[in-house]
$ cat upload03.txt   # compact mmCIF, C-alpha atoms
# COMPACT_ATOMS: atom_id res chain seq x y z
CA ALA A 241 -39.32 -37.10 11.38
CA LEU A 242 -41.17 -37.38 14.66
CA GLY A 243 -40.72 -40.02 17.36
CA GLY A 244 -42.33 -43.08 15.79
CA GLY A 245 -40.78 -42.57 12.37
CA GLY A 246 -42.68 -41.60 9.27
CA ASP A 247 -42.38 -38.42 7.31
CA ALA A 248 -44.21 -35.96 9.56
CA VAL A 249 -42.29 -32.94 10.81
CA LYS A 250 -42.92 -30.59 13.72
CA VAL A 251 -43.37 -26.95 12.70
CA LEU A 252 -43.64 -23.98 15.06
CA GLN A 253 -46.12 -21.41 13.70
CA SER A 254 -45.86 -17.94 15.24
CA LEU A 255 -49.22 -16.37 16.00
CA ASP A 256 -50.50 -12.82 16.36
CA MET A 257 -52.56 -13.06 19.53
CA ARG A 258 -53.76 -9.42 19.68
CA ARG A 259 -57.35 -10.42 18.91
CA PHE A 260 -57.40 -12.49 22.10
CA ALA A 261 -56.26 -9.65 24.36
CA ALA A 262 -58.61 -8.91 27.24
CA ARG A 263 -58.29 -5.18 26.57
CA ASP A 264 -56.74 -2.75 24.12
CA VAL A 265 -53.26 -1.76 25.19
CA PRO A 266 -52.46 1.97 25.21
CA ARG A 267 -49.71 3.03 22.79
CA ASP A 268 -47.42 4.04 25.68
CA GLU A 269 -47.66 0.64 27.40
CA LEU A 270 -45.44 -2.30 26.52
CA ALA A 271 -47.28 -5.52 25.76
CA CYS A 272 -46.55 -8.76 23.99
CA HIS A 273 -49.40 -10.38 22.10
CA ALA A 274 -47.55 -13.19 20.42
CA GLY A 275 -47.79 -16.90 20.71
CA SER A 276 -47.08 -20.03 18.78
CA PHE A 277 -48.79 -23.20 17.69
CA ASP A 278 -47.27 -26.63 17.04
CA LEU A 279 -48.16 -28.04 13.65
CA VAL A 280 -47.49 -31.60 12.51
CA LEU A 281 -47.16 -31.66 8.75
CA ALA A 282 -46.19 -34.25 6.18
CA PRO A 283 -43.60 -32.85 3.75
CA ARG A 284 -45.20 -32.35 0.36
CA ASP A 285 -46.18 -29.53 -1.97
CA PHE A 286 -45.82 -26.14 -0.25
CA TRP A 287 -49.41 -25.06 -0.85
CA GLU A 288 -50.84 -28.41 0.30
CA ALA A 289 -48.83 -28.10 3.52
CA ALA A 290 -50.04 -24.49 3.90
CA ALA A 291 -53.67 -25.63 3.49
CA ASP A 292 -53.13 -28.35 6.10
CA ALA A 293 -51.57 -25.81 8.48
CA SER A 294 -54.53 -23.48 7.92
CA SER A 295 -56.94 -26.30 8.72
CA GLN A 296 -55.11 -27.17 11.96
CA LEU A 297 -55.04 -23.51 13.01
CA ALA A 298 -58.76 -23.09 12.23
CA ALA A 299 -59.55 -26.07 14.49
CA PHE A 300 -57.32 -24.54 17.22
CA GLU A 301 -59.26 -21.28 17.05
CA ALA A 302 -62.69 -22.93 16.69
CA ASN A 303 -62.08 -24.86 19.91
CA GLY A 304 -61.33 -21.64 21.79
CA PHE A 305 -57.70 -22.48 22.50
CA GLY A 306 -56.39 -19.00 21.56
CA PRO A 307 -57.34 -17.15 24.76
CA GLN A 308 -56.30 -20.12 26.95
CA SER A 309 -52.89 -20.38 25.28
CA VAL A 310 -52.26 -16.69 25.96
CA ARG A 311 -53.16 -17.18 29.63
CA VAL A 312 -50.97 -20.29 29.94
CA PHE A 313 -48.00 -18.53 28.33
CA ASP A 314 -48.50 -15.46 30.54
CA TRP A 315 -48.60 -17.73 33.60
CA ALA A 316 -45.48 -19.60 32.45
CA VAL A 317 -43.52 -16.38 31.94
CA ALA A 318 -44.55 -15.13 35.38
CA SER A 319 -44.03 -18.47 37.16
CA MET A 320 -41.00 -20.01 35.48
CA GLU A 321 -37.60 -18.87 34.40
CA MET A 322 -38.29 -18.92 30.66
CA THR A 323 -34.77 -17.83 29.75
CA ARG A 324 -33.41 -20.75 31.75
CA LEU A 325 -35.71 -23.16 29.90
CA VAL A 326 -34.35 -21.83 26.59
CA GLU A 327 -30.79 -22.35 27.85
CA LEU A 328 -31.61 -25.93 28.88
CA GLU A 329 -33.12 -26.68 25.47
CA ALA A 330 -30.05 -25.20 23.77
CA ASP A 331 -27.92 -27.76 25.64
CA ASN A 332 -30.24 -30.71 24.90
CA PRO A 333 -28.02 -33.38 23.26
CA TYR A 334 -31.00 -34.93 21.46
CA THR A 335 -32.23 -31.78 19.70
CA LEU A 336 -29.14 -29.53 19.86
CA GLY A 337 -31.59 -26.78 20.75
CA ARG A 338 -33.62 -27.45 17.58
CA ALA A 339 -36.84 -29.14 18.70
CA TYR A 340 -38.65 -28.03 15.52
CA CYS A 341 -37.87 -28.76 11.90
CA CYS A 342 -39.15 -25.36 10.83
CA GLY A 343 -40.44 -22.20 12.42
CA VAL A 344 -42.76 -19.97 10.43
CA SER A 345 -43.30 -16.30 11.15
CA ASN A 346 -45.87 -14.67 8.89
CA ALA A 347 -46.15 -10.90 9.16
CA GLY A 348 -49.24 -11.00 6.95
CA VAL A 349 -49.97 -8.54 4.17
CA PHE A 350 -47.97 -5.32 4.09
CA GLU A 351 -50.30 -2.38 3.54
CA PRO A 352 -48.46 0.84 2.69
CA ARG A 353 -49.69 4.05 4.28
CA ALA A 354 -51.57 6.38 1.97
CA ASP A 355 -49.18 9.24 2.79
CA ALA A 356 -45.98 7.20 2.29
CA VAL A 357 -43.20 8.98 0.41
CA ALA A 358 -41.46 5.76 -0.63
CA THR A 359 -42.71 2.52 -2.12
CA VAL A 360 -41.89 -0.99 -0.98
CA GLU A 361 -41.56 -3.63 -3.68
CA GLU A 362 -40.10 -6.45 -1.58
CA MET A 363 -39.57 -7.04 2.14
CA TYR A 364 -37.43 -9.58 3.96
CA TYR A 365 -36.84 -10.00 7.68
CA ALA A 366 -35.34 -12.65 9.90
CA THR A 367 -36.44 -14.17 13.18
CA SER A 368 -33.55 -14.95 15.49
CA THR A 369 -33.00 -18.54 16.58
CA ARG A 370 -29.44 -18.15 17.82
CA HIS A 371 -29.42 -20.50 20.82
CA ALA A 372 -32.61 -22.50 20.38
CA GLY A 373 -35.52 -22.72 18.00
CA ALA A 374 -36.16 -24.36 14.67
CA THR A 375 -33.53 -25.85 12.39
CA PHE A 376 -34.99 -23.74 9.59
CA GLN A 377 -36.81 -20.44 10.09
CA ALA A 378 -39.07 -19.04 7.37
CA SER A 379 -39.98 -15.38 7.84
CA CYS A 380 -42.81 -14.44 5.46
CA VAL A 381 -44.68 -11.31 4.38
CA THR A 382 -46.87 -10.51 1.39
CA VAL A 383 -46.00 -7.34 -0.51
CA ASP A 384 -47.94 -6.17 -3.55
CA GLY A 385 -49.55 -9.60 -3.99
CA ALA A 386 -46.26 -11.57 -3.83
CA LEU A 387 -45.13 -13.78 -0.95
CA ASP A 388 -41.60 -12.82 0.16
CA VAL A 389 -39.84 -15.51 2.22
CA CYS A 390 -36.51 -15.24 4.01
CA LEU A 391 -35.18 -18.68 4.97
CA ASN A 392 -32.55 -18.94 7.71
CA ALA A 393 -30.80 -22.15 8.70
CA ALA A 394 -29.11 -22.92 12.01
CA THR A 395 -25.53 -23.84 11.27
CA PRO A 396 -23.70 -26.13 11.81
CA VAL A 397 -26.84 -28.22 12.50
CA ALA A 398 -28.10 -27.51 8.98
CA THR A 399 -25.65 -27.49 6.10
CA ALA A 400 -25.88 -25.20 3.08
CA GLU A 401 -26.89 -28.25 1.04
CA SER A 402 -29.74 -29.20 3.39
CA ALA A 403 -30.95 -25.57 3.43
CA ALA A 404 -31.02 -25.55 -0.38
CA ARG A 405 -33.03 -28.81 -0.41
CA PHE A 406 -35.41 -27.45 2.26
CA ALA A 407 -36.00 -24.24 0.32

$ encode --input "upload03.txt" --output "structure tokens"
Amino acid sequence: ALGGGGDAVKVLQSLDMRRFAARDVPRDELACHAGSFDLVLAPRDFWEAAADASSQLAAFEANGFGPQSVRVFDWAVASMEMTRLVELEADNPYTLGRAYCCGVSNAGVFEPRADAVATVEEMYYATSTRHAGATFQASCVTVDGALDVCLNAATPVATAESAARFA
């Protein structure tokens, strides 16, 4: 629950920020077009929470915050020691490095190449939250019309029992 009590939880939604890039990046140039968005959600049915998250993200984009958030993050990386900030959060006695209840990474819909020699029926991946991040991390991708979710829990902060309840 967040500061004032209640049932709301803080969720970190990873974002693909490529559409906000000022220019296309050549294939031989390294670039990061990722970001994140803080969601505040009340625990309830998964699909209701997903619809609420979608609504919050739509408002974020409609207000033009995408390009600004990329610029702010770029400035922060260039101006601050981001790795040091992660270390400090990892040592935070109030959050134990887990400022978010859940992190969500959604790779979107997997589209196989037309010339692929193998088929993919399911796909699971994990997003690392070793030192800091969310208590629970849900890594999602849709394959052949089905949503595949890999849930990771930060132990010992989250027990196997709490991970089972969360799932």

$ closest_atom_pairs --input "upload03.txt" --of "region 265-357 of chain A" --to "region 383-394 of chain A" --cutoff "10 Å" --atoms "only C-alpha atoms" --output "CSV"
residue,atom,partner,partner_atom,distance
A:Gly337,CA,A:Ala394,CA,9.9
A:Arg338,CA,A:Ala394,CA,8.5
A:Cys342,CA,A:Ala393,CA,9.2
A:Gly343,CA,A:Asn392,CA,9.8
A:Val344,CA,A:Leu391,CA,9.4
A:Ser345,CA,A:Val389,CA,9.6
A:Asn346,CA,A:Val389,CA,9.0
A:Gly348,CA,A:Val383,CA,8.9
A:Val349,CA,A:Val383,CA,6.3
A:Phe350,CA,A:Val383,CA,5.4
A:Glu351,CA,A:Val383,CA,7.7
A:Pro352,CA,A:Val383,CA,9.1

$ write_last_selection --input "upload03.txt" --atoms "C-alpha atoms" --output "mmCIF file, in the frame of the given file"
data_model
loop_
_atom_site.group_PDB
_atom_site.id
_atom_site.type_symbol
_atom_site.label_atom_id
_atom_site.label_comp_id
_atom_site.auth_asym_id
_atom_site.auth_seq_id
_atom_site.Cartn_x
_atom_site.Cartn_y
_atom_site.Cartn_z
ATOM 1 C CA GLY A 337 -31.590 -26.780 20.750
ATOM 2 C CA ARG A 338 -33.620 -27.450 17.580
ATOM 3 C CA CYS A 342 -39.150 -25.360 10.830
ATOM 4 C CA GLY A 343 -40.440 -22.200 12.420
ATOM 5 C CA VAL A 344 -42.760 -19.970 10.430
ATOM 6 C CA SER A 345 -43.300 -16.300 11.150
ATOM 7 C CA ASN A 346 -45.870 -14.670 8.890
ATOM 8 C CA GLY A 348 -49.240 -11.000 6.950
ATOM 9 C CA VAL A 349 -49.970 -8.540 4.170
ATOM 10 C CA PHE A 350 -47.970 -5.320 4.090
ATOM 11 C CA GLU A 351 -50.300 -2.380 3.540
ATOM 12 C CA PRO A 352 -48.460 0.840 2.690
#

$ atom_distance --input "upload03.txt" --atom1 "CA of Asn332 (chain A)" --atom2 "CA of Ser276 (chain A)"
20.9 Å

$ atom_distance --input "upload03.txt" --atom1 "CA of Asp331 (chain A)" --atom2 "CA of Asp256 (chain A)"
28.6 Å

$ atom_distance --input "upload03.txt" --atom1 "CA of Phe300 (chain A)" --atom2 "CA of Ser379 (chain A)"
21.7 Å

$ axis_aligned_box --input "upload03.txt" --around "region 347-358 of chain A" --padding-each-side "3 Å" --output "lines of an AutoDock Vina configuration file"
center_x = -46.5
center_y = -0.9
center_z = 4.3
size_x = 16.1
size_y = 26.2
size_z = 15.8

$ closest_residue --input "upload03.txt" --among "A:Ala330, A:Ala339, A:Val360, A:Ala400" --to "Ala372 (chain A)" --atoms "all atoms listed in the file"
A:Ala330

$ closest_residue --input "upload03.txt" --among "A:Thr395, A:Gln377, A:Ser368, A:Asn303" --to "Leu252 (chain A)" --atoms "only C-alpha atoms"
A:Gln377

$ residues_around --input "upload03.txt" --residues "region 277-286 of chain A" --least-positions-apart "6" --cutoff "6 Å" --atoms "all atoms listed in the file" --output "JSON, numbers by chain"
{"A": [247, 248, 249, 250, 251, 252, 253]}

$ closest_residue --input "upload03.txt" --among "A:Val397, A:Trp287, A:Asp292, A:Thr359" --to "Gly373 (chain A)" --atoms "only C-alpha atoms"
A:Val397

$ closest_residue --input "upload03.txt" --among "A:Gly275, A:Pro333, A:Ala354, A:Glu327" --to "Asp314 (chain A)" --atoms "only C-alpha atoms"
A:Gly275

$ decode --input "upload03.txt" --residues "region 386-406 of chain A" --atoms "N, CA, C and O atoms" --output "compact mmCIF listing (two decimals), in the first residue's frame"
# COMPACT_ATOMS: atom_id res chain seq x y z
N ALA A 386 -1.68 -15.95 -27.22
CA ALA A 386 -1.71 -16.24 -25.79
C ALA A 386 -0.69 -15.36 -25.06
O ALA A 386 0.43 -15.18 -25.54
N LEU A 387 -1.09 -14.84 -23.91
CA LEU A 387 -0.20 -14.02 -23.09
C LEU A 387 0.67 -14.94 -22.23
O LEU A 387 0.16 -15.71 -21.43
N ASP A 388 1.99 -14.87 -22.42
CA ASP A 388 2.93 -15.64 -21.62
C ASP A 388 3.55 -14.69 -20.60
O ASP A 388 4.07 -13.63 -20.96
N VAL A 389 3.49 -15.06 -19.33
CA VAL A 389 3.98 -14.21 -18.24
C VAL A 389 4.98 -15.00 -17.41
O VAL A 389 4.70 -16.12 -16.99
N CYS A 390 6.13 -14.40 -17.17
CA CYS A 390 7.14 -14.97 -16.28
C CYS A 390 7.19 -14.06 -15.06
O CYS A 390 7.51 -12.87 -15.18
N LEU A 391 6.83 -14.59 -13.89
CA LEU A 391 6.83 -13.80 -12.66
C LEU A 391 8.07 -14.13 -11.84
O LEU A 391 8.33 -15.31 -11.56
N ASN A 392 8.83 -13.10 -11.49
CA ASN A 392 10.00 -13.27 -10.63
C ASN A 392 9.74 -12.51 -9.34
O ASN A 392 9.15 -11.43 -9.36
N ALA A 393 10.21 -13.06 -8.23
CA ALA A 393 10.06 -12.41 -6.94
C ALA A 393 11.42 -12.21 -6.31
O ALA A 393 12.29 -13.07 -6.40
N ALA A 394 11.60 -11.05 -5.69
CA ALA A 394 12.86 -10.74 -5.02
C ALA A 394 12.86 -11.40 -3.65
O ALA A 394 12.08 -11.04 -2.77
N THR A 395 13.72 -12.39 -3.48
CA THR A 395 13.83 -13.04 -2.19
C THR A 395 15.06 -12.50 -1.46
O THR A 395 16.02 -12.09 -2.12
N PRO A 396 15.05 -12.39 -0.17
CA PRO A 396 14.06 -12.89 0.78
C PRO A 396 12.94 -11.90 1.07
O PRO A 396 12.10 -12.16 1.92
N VAL A 397 12.90 -10.76 0.37
CA VAL A 397 11.83 -9.78 0.60
C VAL A 397 10.46 -10.41 0.36
O VAL A 397 9.54 -10.25 1.15
N ALA A 398 10.33 -11.14 -0.72
CA ALA A 398 9.08 -11.84 -1.04
C ALA A 398 9.28 -13.33 -0.80
O ALA A 398 10.26 -13.91 -1.25
N THR A 399 8.37 -13.92 -0.09
CA THR A 399 8.44 -15.36 0.16
C THR A 399 7.78 -16.12 -0.98
O THR A 399 7.05 -15.54 -1.80
N ALA A 400 8.00 -17.41 -1.05
CA ALA A 400 7.36 -18.24 -2.06
C ALA A 400 5.84 -18.17 -1.91
O ALA A 400 5.10 -18.15 -2.91
N GLU A 401 5.37 -18.09 -0.68
CA GLU A 401 3.92 -18.01 -0.44
C GLU A 401 3.35 -16.69 -0.95
O GLU A 401 2.28 -16.67 -1.57
N SER A 402 4.06 -15.58 -0.71
CA SER A 402 3.54 -14.29 -1.20
C SER A 402 3.60 -14.23 -2.72
O SER A 402 2.73 -13.64 -3.35
N ALA A 403 4.60 -14.85 -3.32
CA ALA A 403 4.68 -14.88 -4.79
C ALA A 403 3.52 -15.67 -5.36
O ALA A 403 2.93 -15.28 -6.36
N ALA A 404 3.17 -16.78 -4.73
CA ALA A 404 2.04 -17.59 -5.20
C ALA A 404 0.73 -16.81 -5.07
O ALA A 404 -0.11 -16.84 -5.99
N ARG A 405 0.56 -16.05 -3.98
CA ARG A 405 -0.65 -15.24 -3.83
C ARG A 405 -0.68 -14.13 -4.88
O ARG A 405 -1.72 -13.81 -5.43
N PHE A 406 0.47 -13.51 -5.12
CA PHE A 406 0.56 -12.41 -6.10
C PHE A 406 0.22 -12.90 -7.50
O PHE A 406 -0.47 -12.23 -8.25
